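Read the structure below first, then the notes.
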Amino acid sequence: MRRFSCLSPFVVIAFLGALPSLAKEPVQPQQDYLAPGQVDLLKLLPPPPAPGSEIVNQDMRAVLDAQRHRDTAVAARAKADAEISIFRFADVLGPQFTGDKLPKLTAFFARVRHSEVGPVTLVKDYWQRPRPFVGNAKIHPLPEAREGVLNDDKHTYSYSFPSGHATFGATCAIILANMVPEKRAELFARGWQYGTNRMMAGVHFPTDIEAGRIDAAVLVYAMMQNPEFQKDFADAKAELRGVLGLAP
């Protein structure tokens with residue numbers, strides 16, 4: 001069993017080095033920036049910790065510890081970050097960072113989000129890791145967060161590994177940091193907080209969140225090879241920097 005919680009940045013670099021051929025894959029026009037099957041995260045991510053392993057015990061302890069320290073302010077932030085929206089980064093980029101001012105950026109990130117959902121969902125459905133509160137009655141997730149992970153049948157919950165919110169938060173951080181490098185450190189910190197808030201809400205383990213951050217790096221790297229992504233990125237970047245009053 002690999003110690004998933006100890007993955008180093010060098011593992012991510014190794015993943016990225018395995019992806020140069022992705023640029024040759026066809027991309028669905030006007031749909032995703034990734035072709036179906038272009039990135040197989042099952043071949044790139046390690047499995048979730050094995051049931052009964054010490055890493056699972058560490059995961060459980062971390063969620064319970066987060067629950068004990070979940071005061072009103074922490075709960076409010078976790079509830080707010082349950083929303084999947086690029087504009088959760090307005091606390092870094094300021095009051096001008098709104099959808100009505102940034103239509104190109106809004107459309108661009110909607111397409112990015114749609115592109116990453118499929119590969120992540122395939123991993124979730126393959127490993128079928130239960131949410132923390134499903135396996136431990138001592139974990140009491142925020143009610144809003146629990147409702148947010150219900151499947152369409154309203155009786156079962158979507159799977160936990162990897163975290164889709166952590167993937168999205170890290171994806172946004174990576175891309176926005178390349179648009180506004182002046183705020184690189186703050187954007188990465190905010191993207192990482194976005195994922196961590198899923199543990200604070202009681203609906204993800206730390207290893208789910210770490211996996212989401214790793215797969216975000218892989219998926220963004222692959223999307224960056226797509227000429228349509230490059231064009232849309234450039235347009236959205238120019239729009240954003242203009243709205244923020246930054247030099248081109």
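Residue numbering restarts at 1 for every chain of the structure tokens, chains are lettered A, B, ... in their displayed order, and ligands are numbered from 1 as they appear.
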List the spatial neighbours of Ala189 in chain A as a ChimeraX atom specification - criterion: any atom at most 10 Å away, only C-alpha atoms, same-chain residues fewer than 3 positions off excluded. /A:92,169-170,173,184-186,192-194
How would the residues just picked look written out with N, CA and C atoms as a compact mmCIF listing (two decimals), in the first residue's frame?
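Written output follows (out.txt):
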# COMPACT_ATOMS: atom_id res chain seq x y z
N VAL A 92 -9.92 37.23 -3.31
CA VAL A 92 -8.53 37.49 -3.68
C VAL A 92 -8.44 38.57 -4.76
N GLY A 169 -11.15 23.71 -7.14
CA GLY A 169 -10.42 24.79 -6.48
C GLY A 169 -8.98 24.89 -6.96
N ALA A 170 -8.33 23.73 -7.08
CA ALA A 170 -6.94 23.74 -7.55
C ALA A 170 -6.86 24.11 -9.02
N ALA A 173 -7.16 27.81 -9.22
CA ALA A 173 -5.94 28.44 -8.73
C ALA A 173 -4.84 28.41 -9.78
N ARG A 184 -0.28 35.24 -7.45
CA ARG A 184 -0.09 33.79 -7.53
C ARG A 184 -0.18 33.11 -6.16
N ALA A 185 0.55 33.59 -5.18
CA ALA A 185 0.55 32.94 -3.87
C ALA A 185 -0.83 32.97 -3.24
N GLU A 186 -1.50 34.12 -3.33
CA GLU A 186 -2.82 34.24 -2.73
C GLU A 186 -3.85 33.35 -3.43
N TRP A 192 -6.44 26.09 -2.39
CA TRP A 192 -6.22 25.00 -1.45
C TRP A 192 -7.23 25.08 -0.31
N GLN A 193 -7.55 26.29 0.15
CA GLN A 193 -8.57 26.44 1.19
C GLN A 193 -9.93 25.94 0.71
N TYR A 194 -10.23 26.17 -0.55
CA TYR A 194 -11.49 25.72 -1.14
C TYR A 194 -11.64 24.21 -0.97
Identify all residues of range 31-124 of chain A in alpha helix (DSSP H) (DSSP on the backbone) and supply them as a PyMOL selection string. chain A and resi 54-68+72-80+90-93+103-124
Between CA of Ala50 in chain A and CA of Glu210 in chain A, what is the distance in Å, rounded to a tenth? 15.8 Å
Can you tell me which residues surround Arg70 in chain A at a distance of at most 12 Å, considering only C-alpha atoms, apart from same-chain residues fewer than 3 positions away, and format the answer as number ranges by chain? A: 63-67, 73-79, 139-142, 197-202
Once you count only C-alpha atoms, what closest atom pair and distance in Å to one decimal does each residue of range 115-155 of chain A within 12 Å of range 37-43 of chain A have, with rows by chain and rising residue number, as CSV?
residue,atom,partner,partner_atom,distance
A:Ser115,CA,A:Val39,CA,10.6
A:Glu116,CA,A:Val39,CA,9.6
A:Val117,CA,A:Leu41,CA,11.6
A:Gly118,CA,A:Gly37,CA,9.2
A:Pro119,CA,A:Leu41,CA,6.5
A:Val120,CA,A:Leu41,CA,7.3
A:Thr121,CA,A:Leu41,CA,9.9
A:Leu122,CA,A:Leu42,CA,8.2
A:Val123,CA,A:Leu42,CA,6.1
A:Lys124,CA,A:Leu42,CA,9.7
A:Asp125,CA,A:Leu42,CA,10.8
A:Tyr126,CA,A:Leu42,CA,8.4
A:Trp127,CA,A:Leu42,CA,9.4
Write a file of the just-selected residues containing C-alpha atoms, as a PDB file, in the first residue's frame.
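Saved the output as again28.pdb:
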ATOM      1  CA  SER A 115     -14.027  19.107 -19.144  1.00  0.00           C
ATOM      2  CA  GLU A 116     -12.771  17.886 -15.779  1.00  0.00           C
ATOM      3  CA  VAL A 117     -15.988  16.388 -14.389  1.00  0.00           C
ATOM      4  CA  GLY A 118     -15.957  13.258 -16.575  1.00  0.00           C
ATOM      5  CA  PRO A 119     -12.441  12.015 -15.731  1.00  0.00           C
ATOM      6  CA  VAL A 120     -12.962  12.689 -12.011  1.00  0.00           C
ATOM      7  CA  THR A 121     -16.339  10.959 -11.926  1.00  0.00           C
ATOM      8  CA  LEU A 122     -14.855   7.854 -13.536  1.00  0.00           C
ATOM      9  CA  VAL A 123     -12.373   7.570 -10.667  1.00  0.00           C
ATOM     10  CA  LYS A 124     -15.058   8.155  -8.046  1.00  0.00           C
ATOM     11  CA  ASP A 125     -17.266   5.448  -9.528  1.00  0.00           C
ATOM     12  CA  TYR A 126     -14.366   3.007  -9.867  1.00  0.00           C
ATOM     13  CA  TRP A 127     -13.162   3.180  -6.253  1.00  0.00           C
TER      14      TRP A 127
END
